[in-house]
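J.: Here it is, the structure, as structure tokens.
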Amino acid sequence: MKQLRSFITICLILVPALCLAADAEYGYPLPGPYGATIIGTPSALKAELPKEINSKRVLLDVIPGVTKPEIFYYDEGLKCTVAFQDKKAPLLFLIAGTGSGDQSAKMMALMKAMYQAGFHVVSLPSPTHPNFVISGSHSHVPGDLTEDAADLYGVMEHIWNRYKKDIEVSDFYISGFSLGATQSAFVAKLDDEKKSFNFRKVLMINPAVNLFDSVSRIEGTLDSIAGGPKEGAKYINSLIAKFTEFYEKSETTGFNENFLYALAKSGTVTQDDAARIIGVSFRIASAGMIFSSDVMTNGGYVVPKNRVLTNGDDLAGYMRVSTHLSFIDYFNEVMFPYFKSKRPGLTREAYIASLGLKNIEPYLKSNLKVGVITNENDFILSKEDRDYLRQLFGERAKIYPRGGHGGNFEYKDNLAYTLNFFKPAGGEK
Amino acid sequence: MRLIIIRPAYLMFAALCLAVSLSGCATTGATLAPEVPAMHSLSEVTDDRVTMTPDPWYGFNRGMYKFNYNLDKYVLLPVVSGYEFITPTVVQSGVSNFFNNIGEVRNLTNNLFQLKGKDSLITLGRFVTNSTLGIAGLFDPATSMGMERQVEDFGQTLGYWGTGTGNYLVLPLFGPSNVRDTGGLIVDSGIHYGIKSAIDPLGNAEHGDAILLGITALDAIDKRHVEKFRYNGSDYPFEYDMVRWLAGEKRKLEVMK
């Protein structure tokens with residue numbers, strides 16, 4: 001959510017501001033992986049994009065007859081955002097990153113860039129986003145790459161069927177960020193069998209090589225909290241106290257750049273804090289996913305089985321319980337048991353291995369249309385993961401020296417690379 | 001005065017939206033099997049609580065949150081998007097500047113109440129500059145001349161003099177607040193009304209009341225136009241609690257300065 005983001009951004013300027021690092025050719029300035037992830041790209045270095053484009057939010061009824069309890073009164077269908085050209089054009093589908101909606105900042109930036117370049121663009125929420133868990137997922141149990149890809153594919157077909165009379169499309173393309181990147185490859189592979197779109201190109205931006213491994217690495221940022229992740233709220237309180245004290249003593253009113261720079265220089269908030277803040281915001285997001293899934297499945301995980309929640313019920317307690325569970329807990333106690341019951345004989349190790357690119361390796365190797373962008377210091381990947389991407393994709397892997405997990409997403413060079421990747425060869429069409 | 005003038009229109013909204021909120025309530029409550037305790041519950045959480053405004057009236061507040069969501073959905077946002085559609089953006093910013101300039105009166109009184117000499121002078125300078133050079137406040141030359149807005153309200157004044165926030169309170173139309181700031185809002189509105197009655201700018205105009213009502217409605221539309229927050233816009237199931245937390249933190253920092 002926007003408020004959370006800006007709050008975190010403020011806390012985050014912990015990063016030793018601009019550095020003229022060794023890699024002079026690449027101008028993205030923030031050296032630390034965590035600071036870059038939180039702050040993103042300084043506005044002066046972003047690609048120039050139109051302020052507004054002619055896009056609209058659409059509400060889709062992709063699972064007819066799905067029943068939602070009263071506490072989700074505001075969920076009136078799956079929210080997707082579409083921007084259509086009024087002439088024949090290629091169409092690009094976008095899948096948002098973990099816990100993000102169709103109008104997350106990154107998806108909107110990419111949508112504007114591609115729309116400006118003459119594409120129809122359709123943005124979908126992440127299957128881990130509560131709106132998708134409630135209104136887009138058939139199982140309401142998010143995380144399984146194969147099933148999530150099938151749900152996403154269904155949504156794309158739904159949208160295409162609804163609009164194909166109104167727009168002219170030359171070719172289909174697909175991209176996604178983070179977990180959405182990994183999912184975009186699974187969707188493309190599914191399309192190889194179903195052939196509704198025959199995607200011409202697929203671009204993964206900061207993908208997880210393996211969902212379980214990446215989630216473990218993000219959750220690991222919380223281990224350095226005194227008392228561990230179980231004392232996360234204590235940590236948040238102390239962090240806010242430090243921040244508030246600094247603000248009170250500072251000369252400035254409001255959070256301008258000078259204030260943030262002073263905060264960074266003062267060492268009030270450290271690099272380790274930046275890492276933990278990412279861990280905390282991941283927990284906050286996954287709590288929403290866990291709770292929504294539990295309510296929709298009547299799973300008895302954090303809400304007593306058979307309890308019907310109404311709008312007057314206090315959810316603060318459920319939030320407390322859910323934020324004190326990790327995605328790994330959810331994996332072990334909800335997700336794996338659920339899919340094991342559907343696939344008898346499935347072992348935990350085999351299941352974890354299936355949740356990554358290795359599962360579709362032959363497809364990725366033989367399909368030159370699939371490309372990847374990531375960074376040397378993207379902390380959701382290990383060194384082995386990066387080597388794997390290099391070896392698997394060769395020239396088709398673009399690995400920038402820094403940028404953390406998508407901090408350089410909106411940097412002008414990065415968006416230019418993305419644009420160029422999708423540009424139809426030789427100006428055809 | 002805003003509170004008073006807005007009332008008839010507001011009551012209409014209220015009736016409409018309450019009707020909308022309540023419809024559908026009767027459909028829940030299907031009979032289900034007896035409850036089974038969840039695998040994880042609060043008993044296993046030993047952590048502190050994240051510090052936020054106490055919320056003993058959450059039942060009422062959650063109702064108001066939903067009310068505001070429906071008020072937005074069925075009344076305010078359609079009106080605002082109509083306004084944005086028919087009005088050139090230069091006019092929209094002129095309208096925002098105009099009401100901000102009137103708001104300088106509130107900023108001035110409260111800067112004075114908090115004994116902030118320099119900020120009071122800046123605010124006075126802004127008001128004079130924008131009312132004259134800025135053509136009755138339609139433009140904001142003061143900011144480009146280095147006079148930044150010094151926003152203060154009576155809730156902040158109470159905080160400055162040591163009043164605690166009191167309980168969390170979600171107000172109809174105005175949204176997330178607390179007992180202290182609600183009191184502040186009433187005092188600010190009272191002062192505003194008092195000053196307006198004393199000056200009586202439309203006293204000799206024909207249909208003065210109707211014009212005032214129109215201005216008040218435009219004020220409300222402008223406020224919603226400027227505010228980008230959307231109730232339940234995050235689709236996050238714990239948005240209510242996140243807003244309670246973040247709005248409280250934001251307010252705490254505002255009171256400090």
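Ligands are numbered from 1 in the order shown, chains are lettered A, B, ... in the order of the structure tokens, and residues start at 1 in each chain.
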With a cut-off of 7 Å, could you pull out the residues of chain B touching chain A and give me the nearest pair of atoms for each, distance in Å to one decimal, using only C-alpha atoms, ordered by chain and ascending number, as a tab-separated table?

T.:
residue	atom	partner	partner_atom	distance
B:Leu32	CA	A:Asn306	CA	6.1
B:Ala33	CA	A:Asn306	CA	6.1
B:Pro34	CA	A:Asn306	CA	6.5
B:Glu35	CA	A:Asn306	CA	5.0
B:Val36	CA	A:Lys305	CA	5.0
B:Pro37	CA	A:Pro304	CA	4.6
B:Ala38	CA	A:Pro304	CA	4.2
B:Met39	CA	A:Tyr301	CA	4.9
B:His40	CA	A:Val302	CA	5.2
B:Ser41	CA	A:Val321	CA	6.1
B:Leu42	CA	A:Val321	CA	5.8
B:Val45	CA	A:Val321	CA	6.8
B:Asp47	CA	A:Glu231	CA	5.0
B:Asp48	CA	A:Lys234	CA	5.4
B:Arg49	CA	A:Ala233	CA	6.0
B:Val50	CA	A:Ala233	CA	5.3
B:Thr51	CA	A:Asn237	CA	6.6
B:Tyr58	CA	A:Asp314	CA	6.7
B:Gly59	CA	A:Gly312	CA	4.8
B:Arg62	CA	A:Gly312	CA	6.0
B:Gly63	CA	A:Gly312	CA	6.7
B:Asn232	CA	A:Tyr74	CA	6.7
B:Ser234	CA	A:Met1	CA	5.5
B:Asp235	CA	A:Asn131	CA	6.0
B:Tyr236	CA	A:Gly288	CA	6.0
B:Pro237	CA	A:Gly288	CA	5.9
B:Phe238	CA	A:Met319	CA	6.6
B:Asp241	CA	A:Ala316	CA	6.5
B:Met256	CA	A:Glu248	CA	6.4
B:Lys257	CA	A:Thr253	CA	6.3

J.: Using only C-alpha atoms, determine which residues lie at most 10 Å from A:Glu48, disregarding the query and same-chain residues fewer than 5 positions distant; provide the list as a PyMOL selection string.

T.: chain A and resi 43+109+112-113+410-412+415

J.: Take the residues from that selection and write them out as a PDB file, in the first residue's frame, keeping N, CA and C atoms.

T.:
ATOM      1  N   SER A  43      14.150  10.309  -8.657  1.00  0.00           N
ATOM      2  CA  SER A  43      13.255  10.713  -9.751  1.00  0.00           C
ATOM      3  C   SER A  43      14.003  11.321 -10.932  1.00  0.00           C
ATOM      4  N   ALA A 109       4.515   1.922 -14.039  1.00  0.00           N
ATOM      5  CA  ALA A 109       5.619   2.520 -14.789  1.00  0.00           C
ATOM      6  C   ALA A 109       5.870   1.744 -16.088  1.00  0.00           C
ATOM      7  N   LYS A 112       3.059   2.371 -18.577  1.00  0.00           N
ATOM      8  CA  LYS A 112       3.173   3.663 -19.269  1.00  0.00           C
ATOM      9  C   LYS A 112       4.262   3.620 -20.340  1.00  0.00           C
ATOM     10  N   ALA A 113       5.402   3.014 -19.975  1.00  0.00           N
ATOM     11  CA  ALA A 113       6.512   2.955 -20.935  1.00  0.00           C
ATOM     12  C   ALA A 113       6.108   2.173 -22.179  1.00  0.00           C
ATOM     13  N   GLU A 410      12.870   1.177 -12.599  1.00  0.00           N
ATOM     14  CA  GLU A 410      12.423   2.358 -13.331  1.00  0.00           C
ATOM     15  C   GLU A 410      13.591   3.217 -13.816  1.00  0.00           C
ATOM     16  N   TYR A 411      14.826   2.730 -13.584  1.00  0.00           N
ATOM     17  CA  TYR A 411      15.986   3.475 -14.068  1.00  0.00           C
ATOM     18  C   TYR A 411      15.936   3.500 -15.597  1.00  0.00           C
ATOM     19  N   LYS A 412      16.332   4.651 -16.193  1.00  0.00           N
ATOM     20  CA  LYS A 412      16.099   4.837 -17.639  1.00  0.00           C
ATOM     21  C   LYS A 412      16.752   3.755 -18.502  1.00  0.00           C
ATOM     22  N   LEU A 415      14.616   0.492 -18.280  1.00  0.00           N
ATOM     23  CA  LEU A 415      13.364   0.523 -19.052  1.00  0.00           C
ATOM     24  C   LEU A 415      13.659   0.522 -20.552  1.00  0.00           C
TER      25      LEU A 415
END

J.: With a distance cut-off of 12 Å and only C-alpha atoms, select the neighbouring residues of B:Lys118, excluding the residue or stretch itself and same-chain residues fewer than 4 positions from it, and output the selection as a ChimeraX atom specification.

T.: /B:108,111-112,114,122-125,147-148,150

J.: So which one's closest to A:Asn359, A:Tyr338, A:Phe186, A:Phe172, A:Tyr388? Using only C-alpha atoms, please.

T.: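 Nearest candidate to A:Asn359 out of A:Tyr338, A:Phe186, A:Phe172, A:Tyr388: A:Phe186.
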
J.: Could you tell me, as number ranges by chain, which residues of stretch 164-404 of chain A DSSP assigns to strand (DSSP E or B) when given the backbone?

T.: A: 169-177, 201-205, 210, 305, 356, 370-375, 397-400

J.: Please list as a list in words every residue within 12 Å of B:Val187, counting only C-alpha atoms and excluding residues in the same chain fewer than 3 positions away.

T.: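 Listing them by chain and then by number gives Met1, Arg2, Leu3, Arg106, Thr109, Asn110, Asp153, Phe154, Gly155, Gln156, Thr157, Leu158, Arg180, Asp181, Thr182, Gly183, Gly184, Gly190, Ile191, His192, Tyr193 and Gly194 of chain B.
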
J.: For atom CA of B:Arg230 and atom CA of A:Thr128, quote the distance in Å rounded to one decimal.

T.: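 That distance, rounded to one decimal, is 21.2 Å.
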
J.: Find the distance between atom CA of B:Val243 and atom CA of B:Tyr168 and write it in Å to one decimal.

T.: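 Atom-to-atom, atom CA of B:Val243 and atom CA of B:Tyr168 are spaced 10.9 Å apart.
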
J.: Excluding same-chain residues fewer than 4 positions from stretch 195-211 of chain A, what lies within 7 Å of it counting only C-alpha atoms, as number ranges by chain?

T.: A: 171-179, 181-182, 184-185, 188, 191, 215, 355-357, 369-374, 380-381, 385, 405-406, 422

J.: Tell me, which residues of stretch 358-410 of chain A carry DSSP helix (DSSP H, G or I), written as a list in words?

T.: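 Of stretch 358-410 of chain A, the ones in helix (DSSP H, G or I) are Lys358, Asn359, Ile360, Glu361, Pro362, Tyr363, Leu364, Lys365, Ser366, Lys383, Glu384, Asp385, Arg386, Asp387, Tyr388, Leu389, Arg390, Gln391, Leu392, Phe393, Gly394, Glu395 and Arg396 of chain A.
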
J.: Got a sec: who's within 12 Å of stretch 92-100 of chain B, counting only C-alpha atoms, leaving out chain neighbours fewer than 4 positions off, as an MDAnalysis selection string?

T.: chainID B and resid 80:81 83:88 104:107 123 126:127 130:132 134:143 149:151 215:227

J.: For atom CA of B:Trp245 and atom CA of B:Ser177, quote the distance in Å rounded to one decimal.

T.: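 So the answer is 11.2 Å.
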
J.: What lies within 10 Å of A:Glu219 using only C-alpha atoms, ignoring chain neighbours under 3 positions off, as a list of chain:residue names?

T.: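 The neighbour list is A:Asp213, A:Ser214, A:Val215, A:Ser216, A:Leu222, A:Asp223, A:Pro229, A:Ala275, A:Arg276, A:Ile278, A:Gly279, A:Val280, A:Phe282, A:Arg283, A:Ser326, A:Phe327, A:Ile328.
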
J.: Would you put the residues from that selection into a file with N, CA and C atoms, as a compact mmCIF listing (two decimals), in the first residue's frame?

T.:
# COMPACT_ATOMS: atom_id res chain seq x y z
N ASP A 213 13.44 -21.05 -2.05
CA ASP A 213 14.76 -20.51 -1.71
C ASP A 213 14.72 -18.99 -1.54
N SER A 214 14.04 -18.32 -2.47
CA SER A 214 13.99 -16.86 -2.40
C SER A 214 13.24 -16.40 -1.16
N VAL A 215 12.12 -17.06 -0.87
CA VAL A 215 11.35 -16.69 0.31
C VAL A 215 12.21 -16.91 1.57
N SER A 216 12.97 -18.01 1.60
CA SER A 216 13.83 -18.28 2.75
C SER A 216 14.86 -17.17 2.92
N LEU A 222 15.14 -11.36 8.89
CA LEU A 222 14.57 -11.10 10.21
C LEU A 222 15.35 -11.81 11.32
N ASP A 223 16.25 -12.72 10.94
CA ASP A 223 16.97 -13.48 11.96
C ASP A 223 17.88 -12.60 12.81
N PRO A 229 12.58 -13.33 14.69
CA PRO A 229 11.34 -12.85 14.07
C PRO A 229 10.15 -12.83 15.03
N ALA A 275 17.57 -4.10 5.65
CA ALA A 275 17.27 -5.50 5.34
C ALA A 275 16.07 -5.98 6.14
N ARG A 276 16.05 -5.61 7.43
CA ARG A 276 14.94 -6.08 8.28
C ARG A 276 13.62 -5.44 7.87
N ILE A 278 12.73 -4.74 4.93
CA ILE A 278 12.23 -5.52 3.79
C ILE A 278 11.59 -6.82 4.30
N GLY A 279 12.24 -7.45 5.27
CA GLY A 279 11.67 -8.67 5.85
C GLY A 279 10.32 -8.40 6.50
N VAL A 280 10.24 -7.27 7.23
CA VAL A 280 8.98 -6.93 7.91
C VAL A 280 7.88 -6.65 6.89
N PHE A 282 7.66 -7.77 3.91
CA PHE A 282 7.28 -9.05 3.29
C PHE A 282 6.32 -9.81 4.21
N ARG A 283 6.62 -9.81 5.52
CA ARG A 283 5.74 -10.46 6.49
C ARG A 283 4.33 -9.85 6.48
N SER A 326 5.61 -17.18 9.33
CA SER A 326 6.40 -16.89 8.13
C SER A 326 5.76 -17.57 6.92
N PHE A 327 6.23 -17.16 5.75
CA PHE A 327 5.77 -17.82 4.54
C PHE A 327 6.17 -19.30 4.59
N ILE A 328 7.28 -19.59 5.26
CA ILE A 328 7.74 -20.98 5.38
C ILE A 328 6.76 -21.78 6.25
